[in-house]
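Undergrad: Next comes the structure file run.txt, holding compact mmCIF, C-alpha atoms and all ligand atoms.
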# COMPACT_ATOMS: atom_id res chain seq x y z
CA MET A 1 -30.35 -19.95 17.16
CA GLY A 2 -28.64 -20.32 13.78
CA LEU A 3 -30.89 -23.27 12.87
CA ARG A 4 -33.99 -21.31 13.99
CA THR A 5 -33.00 -18.32 11.85
CA SER A 6 -32.35 -20.57 8.84
CA TRP A 7 -35.74 -22.25 9.26
CA ARG A 8 -37.51 -18.87 9.32
CA THR A 9 -35.59 -17.78 6.25
CA VAL A 10 -36.72 -20.91 4.39
CA VAL A 11 -40.34 -20.32 5.47
CA ALA A 12 -40.13 -16.70 4.35
CA PHE A 13 -38.65 -17.80 1.01
CA TRP A 14 -41.50 -20.27 0.35
CA ASP A 15 -44.02 -17.72 1.54
CA HIS A 16 -42.74 -15.30 -1.10
CA LEU A 17 -42.84 -17.99 -3.78
CA PHE A 18 -46.48 -18.84 -2.98
CA GLU A 19 -47.45 -15.19 -2.92
CA ALA A 20 -45.68 -14.56 -6.23
CA SER A 21 -47.37 -17.55 -7.87
CA GLU A 22 -50.79 -16.37 -6.65
CA LEU A 23 -50.43 -12.73 -7.67
CA GLY A 24 -48.15 -12.94 -10.66
CA ILE A 25 -44.59 -11.60 -10.51
CA GLY A 26 -45.56 -8.02 -11.50
CA ARG A 27 -48.24 -7.55 -8.84
CA TRP A 28 -46.08 -9.28 -6.27
CA LEU A 29 -43.16 -6.94 -6.94
CA ARG A 30 -45.44 -3.86 -6.78
CA ARG A 31 -46.98 -5.09 -3.51
CA ARG A 32 -43.50 -5.61 -2.07
CA GLN A 33 -42.50 -2.08 -3.09
CA LYS A 34 -45.45 -0.42 -1.35
CA LYS A 35 -44.67 -1.03 2.31
CA PRO A 36 -41.82 -2.83 4.01
CA PRO A 37 -42.91 -5.66 6.35
CA SER A 38 -42.39 -5.20 10.07
CA HIS A 39 -41.06 -8.72 10.69
CA PRO A 40 -37.24 -8.46 10.72
CA ILE A 41 -36.63 -11.39 8.36
CA ARG A 42 -39.38 -10.44 5.92
CA ARG A 43 -38.11 -6.88 6.18
CA ARG A 44 -34.59 -8.00 5.26
CA ASN A 45 -35.94 -10.00 2.29
CA TYR A 46 -37.91 -6.93 1.23
CA PHE A 47 -34.60 -5.28 0.37
CA PRO A 48 -32.94 -7.93 -1.77
CA THR A 49 -29.82 -5.84 -2.38
CA GLY A 50 -29.47 -5.15 1.33
CA GLU A 51 -30.44 -1.45 1.49
CA SER A 52 -32.06 -0.17 4.64
CA LEU A 53 -35.34 1.75 4.47
CA GLU A 54 -33.35 4.95 5.01
CA GLN A 55 -30.96 4.06 2.18
CA ARG A 56 -33.90 3.32 -0.10
CA GLN A 57 -35.35 6.77 0.68
CA LEU A 58 -32.05 8.28 -0.37
CA LEU A 59 -32.32 6.44 -3.69
CA THR A 60 -35.43 8.47 -4.54
CA THR A 61 -34.37 11.59 -6.42
CA VAL A 62 -36.30 14.74 -7.27
CA PHE A 63 -35.32 16.79 -10.31
CA PHE A 64 -36.55 19.08 -13.10
CA ALA A 65 -38.02 16.84 -15.80
CA THR A 66 -37.89 19.70 -18.29
CA GLY A 67 -34.08 19.78 -18.49
CA SER A 68 -31.65 22.43 -17.32
CA SER A 69 -32.18 25.00 -20.09
CA LEU A 70 -35.57 26.25 -21.25
CA PHE A 71 -36.96 29.01 -23.46
CA VAL A 72 -40.22 30.92 -23.22
CA PHE A 73 -41.72 33.78 -25.23
CA GLU A 74 -42.46 36.96 -23.31
CA GLY A 75 -46.15 36.71 -24.24
CA ALA A 76 -46.58 33.08 -23.12
CA GLY A 77 -48.24 34.02 -19.83
CA ASN A 78 -46.54 31.40 -17.67
CA GLU A 79 -43.56 29.11 -17.82
CA VAL A 80 -44.51 25.71 -16.41
CA LEU A 81 -41.63 23.74 -14.91
CA GLN A 82 -42.21 20.03 -14.31
CA VAL A 83 -40.58 18.38 -11.30
CA ASN A 84 -40.43 14.57 -11.16
CA LEU A 85 -39.37 11.76 -8.86
CA ASN A 86 -37.25 9.04 -10.46
CA ALA A 87 -39.63 6.43 -8.97
CA ALA A 88 -42.83 6.23 -6.96
CA SER A 89 -42.27 6.26 -3.22
CA ALA A 90 -44.33 4.99 -0.28
CA ASN A 91 -43.31 8.15 1.60
CA THR A 92 -44.52 11.72 1.34
CA ILE A 93 -41.72 13.71 -0.31
CA THR A 94 -41.31 17.47 -0.17
CA VAL A 95 -38.90 19.82 -1.88
CA ASP A 96 -38.58 23.62 -1.77
CA TYR A 97 -38.28 25.72 -4.91
CA ALA A 98 -37.43 29.34 -5.67
CA THR A 99 -36.68 31.56 -8.64
CA SER A 100 -33.76 34.00 -8.86
CA ASN A 101 -32.67 36.73 -11.24
CA GLY A 102 -30.20 36.16 -14.03
CA THR A 103 -30.23 39.01 -16.53
CA ALA A 104 -34.05 39.14 -16.16
CA THR A 105 -35.45 41.10 -13.21
CA ALA A 106 -38.24 39.82 -10.95
CA GLY A 107 -41.15 42.24 -10.93
CA SER A 108 -40.53 43.58 -14.43
CA ASP A 109 -39.67 40.52 -16.55
CA TYR A 110 -41.19 37.68 -14.48
CA THR A 111 -42.85 37.21 -11.09
CA SER A 112 -40.68 35.85 -8.29
CA THR A 113 -42.02 32.41 -7.33
CA SER A 114 -41.17 30.15 -4.39
CA GLY A 115 -42.79 27.47 -2.24
CA THR A 116 -42.79 23.79 -1.36
CA LEU A 117 -43.88 20.90 -3.57
CA THR A 118 -45.47 17.93 -1.75
CA PHE A 119 -45.54 14.52 -3.43
CA ALA A 120 -48.11 12.27 -1.74
CA PRO A 121 -47.18 8.56 -1.66
CA ASN A 122 -47.00 7.19 -5.23
CA GLU A 123 -47.19 10.66 -6.83
CA THR A 124 -44.24 11.23 -9.14
CA SER A 125 -44.82 14.56 -10.89
CA LYS A 126 -45.58 18.17 -9.90
CA THR A 127 -45.46 21.50 -11.71
CA ILE A 128 -44.27 25.01 -10.86
CA SER A 129 -45.86 27.90 -12.74
CA VAL A 130 -43.79 31.09 -13.10
CA PRO A 131 -45.70 34.14 -14.49
CA ILE A 132 -43.89 35.90 -17.35
CA ILE A 133 -44.50 39.66 -17.64
CA ASN A 134 -45.32 40.86 -21.16
CA ASP A 135 -44.15 44.50 -21.33
CA THR A 136 -43.91 46.78 -24.38
CA ALA A 137 -40.17 47.43 -24.24
CA ASP A 138 -37.75 46.12 -26.84
CA GLU A 139 -35.17 44.17 -24.82
CA ASP A 140 -32.40 41.67 -25.09
CA ASP A 141 -33.43 38.09 -24.35
CA GLU A 142 -33.05 37.65 -20.59
CA THR A 143 -32.69 34.77 -18.14
CA PHE A 144 -33.84 33.71 -14.68
CA SER A 145 -33.25 30.51 -12.72
CA ALA A 146 -35.37 28.11 -10.67
CA THR A 147 -33.75 25.95 -8.01
CA LEU A 148 -34.87 22.95 -5.93
CA SER A 149 -33.60 22.62 -2.34
CA ASN A 150 -34.18 20.93 1.05
CA PRO A 151 -35.76 17.65 -0.11
CA THR A 152 -37.28 15.35 2.53
CA ASN A 153 -37.35 11.54 2.07
CA ALA A 154 -35.41 12.02 -1.19
CA THR A 155 -32.24 13.58 -2.55
CA LEU A 156 -31.76 16.13 -5.29
CA GLY A 157 -31.29 14.61 -8.73
CA PHE A 158 -30.09 16.26 -11.93
CA PRO A 159 -30.93 18.86 -12.86
CA SER A 160 -32.02 20.60 -9.66
CA ASN A 161 -31.43 24.00 -11.24
CA VAL A 162 -32.94 25.25 -14.47
CA THR A 163 -32.20 28.40 -16.49
CA VAL A 164 -35.12 29.95 -18.39
CA THR A 165 -34.47 32.36 -21.27
CA ILE A 166 -37.29 34.85 -21.99
CA PHE A 167 -37.48 35.70 -25.71
CA ASP A 168 -38.45 39.34 -26.18
CA ASN A 169 -41.45 39.89 -28.49
CA ASP A 170 -41.36 43.69 -28.94
CA ASN A 171 -40.25 45.67 -31.99
CA PRO A 172 -37.66 48.45 -31.64
CA PRO A 173 -39.25 51.89 -31.08
CA THR A 174 -39.23 54.61 -33.76
CA VAL A 175 -37.37 57.87 -33.12
CA GLN A 176 -38.60 61.21 -34.47
CA PHE A 177 -38.81 64.92 -33.67
CA ALA A 178 -41.61 65.89 -31.32
CA SER A 179 -42.79 68.47 -33.90
CA SER A 180 -42.23 68.95 -37.62
CA GLY A 181 -41.69 72.72 -37.27
CA TYR A 182 -40.21 75.12 -34.73
CA SER A 183 -39.75 78.90 -34.70
CA VAL A 184 -37.55 81.18 -32.68
CA LEU A 185 -36.92 84.92 -32.54
CA GLU A 186 -33.60 86.04 -33.93
CA THR A 187 -32.82 87.35 -30.45
CA GLY A 188 -33.70 84.02 -28.87
CA GLY A 189 -30.10 82.81 -28.71
CA SER A 190 -30.84 79.15 -29.49
CA ILE A 191 -33.71 76.77 -30.05
CA THR A 192 -34.28 73.40 -28.41
CA ILE A 193 -35.56 70.71 -30.77
CA GLU A 194 -36.85 67.58 -29.03
CA ALA A 195 -36.40 64.04 -30.36
CA VAL A 196 -38.69 61.36 -28.89
CA LEU A 197 -39.10 57.57 -28.98
CA SER A 198 -42.46 55.96 -29.80
CA THR A 199 -42.10 53.81 -26.69
CA ALA A 200 -39.55 53.22 -23.96
CA SER A 201 -36.87 50.68 -24.77
CA GLY A 202 -34.83 48.30 -22.67
CA LYS A 203 -31.85 49.00 -24.91
CA THR A 204 -29.60 52.05 -25.30
CA ILE A 205 -30.62 53.90 -28.47
CA THR A 206 -28.46 56.27 -30.50
CA VAL A 207 -29.36 58.40 -33.51
CA ASN A 208 -27.35 60.90 -35.55
CA TYR A 209 -28.64 64.42 -36.21
CA ALA A 210 -27.55 67.35 -38.39
CA THR A 211 -28.84 70.76 -39.45
CA SER A 212 -28.94 72.05 -43.02
CA ASN A 213 -29.75 75.34 -44.69
CA GLY A 214 -33.26 76.31 -45.66
CA SER A 215 -33.67 79.96 -46.52
CA ALA A 216 -31.38 80.67 -43.53
CA THR A 217 -27.64 80.25 -44.09
CA SER A 218 -25.39 78.51 -41.59
CA GLY A 219 -22.77 80.82 -40.14
CA SER A 220 -24.75 84.04 -40.72
CA GLY A 221 -28.30 83.53 -39.44
CA TRP A 222 -27.59 80.35 -37.37
CA THR A 223 -24.84 77.96 -36.35
CA SER A 224 -24.76 74.48 -37.84
CA SER A 225 -24.93 71.56 -35.46
CA THR A 226 -24.09 67.96 -36.27
CA ARG A 227 -23.86 65.29 -33.59
CA ARG A 228 -24.73 61.81 -32.53
CA SER A 229 -26.95 61.60 -29.51
CA CA A 301 -39.38 42.19 -20.12
CA CA A 302 -43.95 42.39 -25.07
CA CA A 303 -40.22 43.18 -23.93
As a first step, turn the structure in this file into structure tokens.
Ligand SMILES: [Ca+2]
Ligand SMILES: [Ca+2]
Ligand SMILES: [Ca+2]

TA:
Amino acid sequence: MGLRTSWRTVVAFWDHLFEASELGIGRWLRRRQKKPPSHPIRRRNYFPTGESLEQRQLLTTVFFATGSSLFVFEGAGNEVLQVNLNAASANTITVDYATSNGTATAGSDYTSTSGTLTFAPNETSKTISVPIINDTADEDDETFSATLSNPTNATLGFPSNVTVTIFDNDNPPTVQFASSGYSVLETGGSITIEAVLSTASGKTITVNYATSNGSATSGSGWTSSTRRS
């Protein structure tokens, strides 16, 4: 049995040499990588370092090709995240993806995105497009994450999680009185003067205010008011 096995190994070795000489080493290696032979000895030679087919599948990794930290302007429309395999595979590979809030909020800063990427055999790159919402509010720069999970026929590589920072593109609002003049009867008790912003803001806004004499004199016709609001 041992002699028989050795003879087959020698035949397989010469078979590979002839094939390599006919095709050239590069084409021969690529052909060998496409599909493992069914014959047990040829199959063993197919994996020169001794990995099984299952182990080889585990050597395929799926990861974000765009790194773990990205930036996008609020007006960019979409943030495109590229997901790669470290090498082409003869198997179909799938991986789930999903976004999650950081300081940014889905629905107001970006659109929540999730699904499954499918790499057909020999495909090595896919993209995920996350819509960015361009509002009119002045905000701090905010972040969300995208995460890969549940790969099939592959394992997660690095990075499998990416943080995206959205750069705000809106100017701070202006603050002013709603009207340039108000009047009140002397018996009116008090007058309400309204201050307004030109547009809503994502930030807390403060402004100081104070009254000053015109022809009326504080303390006799009216009471001075100075505050920060
Ligand atoms: Ca926003
Ligand atoms: Ca904007
Ligand atoms: Ca904004």

Undergrad: Could you state the separation of CA of Gly75 in chain A and CA of Ile132 in chain A in Å, given to one decimal place?

TA: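 Between these atoms lies a distance of 7.3 Å.
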
Undergrad: Skip Asn171 in chain A itself and residues of its chain fewer than 3 positions away, then list as a PyMOL selection string all residues within 12 Å of it, counting all atoms listed in the file.

TA: chain A and resi 135-140+168+174+198-203

Undergrad: Can you tell me how far CA of Val175 in chain A sits from CA of Ser224 in chain A, in Å to one decimal?

TA: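 CA of Ser224 in chain A lies 21.4 Å from CA of Val175 in chain A.
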
Undergrad: In terms of the shortest atom-to-atom distance over all atoms listed in the file, which of A:Thr143, A:Ser160, A:Ser190, A:Thr211 is closest to Phe63 in chain A?

TA: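 Between A:Thr143, A:Ser160, A:Ser190, A:Thr211, the residue approaching Phe63 in chain A most closely is A:Ser160.
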
Undergrad: Hey, which of A:Ala178, A:Ala98, A:Val72, A:Ala106 ends up closest to Thr165 in chain A? Count all atoms listed in the file.

TA: A:Val72

Undergrad: What is the distance between CA of Thr99 in chain A and CA of Glu79 in chain A, in Å to one decimal?

TA: 11.7 Å

Undergrad: Excluding Ser149 in chain A and its own-chain neighbours fewer than 5 positions away, which residues fall within 7 Å of it when counting only C-alpha atoms? Please give them as a PDB file with C-alpha atoms, keeping the file's coordinate frame.

TA:
ATOM      1  CA  VAL A  95     -38.900  19.820  -1.880  1.00  0.00           C
ATOM      2  CA  ASP A  96     -38.580  23.620  -1.770  1.00  0.00           C
ATOM      3  CA  TYR A  97     -38.280  25.720  -4.910  1.00  0.00           C
TER       4      TYR A  97
END

Undergrad: Out of A:Asn153, A:Thr223, A:Thr103, A:Gln176, which residue has the shortest atom-to-atom distance to Gly189 in chain A when counting all atoms listed in the file?

TA: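 Looking at the shortest contact to Gly189 in chain A, the residue is A:Thr223.
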
Undergrad: Closest to ligand CA 302 (chain A) among A:Thr113, A:Ser125, A:Thr192, A:Ser108, using all atoms listed in the file?

TA: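 Ranking A:Thr113, A:Ser125, A:Thr192, A:Ser108 by distance to ligand CA 302 (chain A), first place goes to A:Ser108.
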
Undergrad: Give the answer as one residue: which of A:Ala76, A:Leu117, A:Val164, A:Ile93 has the shortest atom-to-atom distance to ligand CA 302 (chain A), using all atoms listed in the file?

TA: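 Of A:Ala76, A:Leu117, A:Val164, A:Ile93, the one nearest ligand CA 302 (chain A) is A:Ala76, counting all atoms listed in the file.
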
Undergrad: Please determine the residues with any atom at most 12 Å from (-45.1, 32.5, -18.0) (coordinates as given in the file, with all atoms listed in the file counting) and report them as a list in words.

TA: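 The answer, in the requested form, is Leu70, Phe71, Val72, Phe73, Glu74, Gly75, Ala76, Gly77, Asn78, Glu79, Val80, Leu81, Asp109, Tyr110, Thr111, Ser112, Thr113, Ile128, Ser129, Val130, Pro131, Ile132, Ile133, Asn134, Phe144, Val164, Thr165, Ile166 and Phe167 of chain A.
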
Undergrad: Counting all atoms listed in the file, figure out which residue out of A:Gly181, A:Tyr209, A:Asn169, A:Val196 gets nearest to ligand CA 302 (chain A).

TA: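 Among A:Gly181, A:Tyr209, A:Asn169, A:Val196, it is A:Asn169 that comes nearest to ligand CA 302 (chain A).
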
Undergrad: Leaving out Gly102 in chain A and any residue of its chain fewer than 2 positions from it, which residues lie within 9 Å of it when counting only C-alpha atoms, given as a PyMOL selection string?

TA: chain A and resi 100+104-105+142-145+163
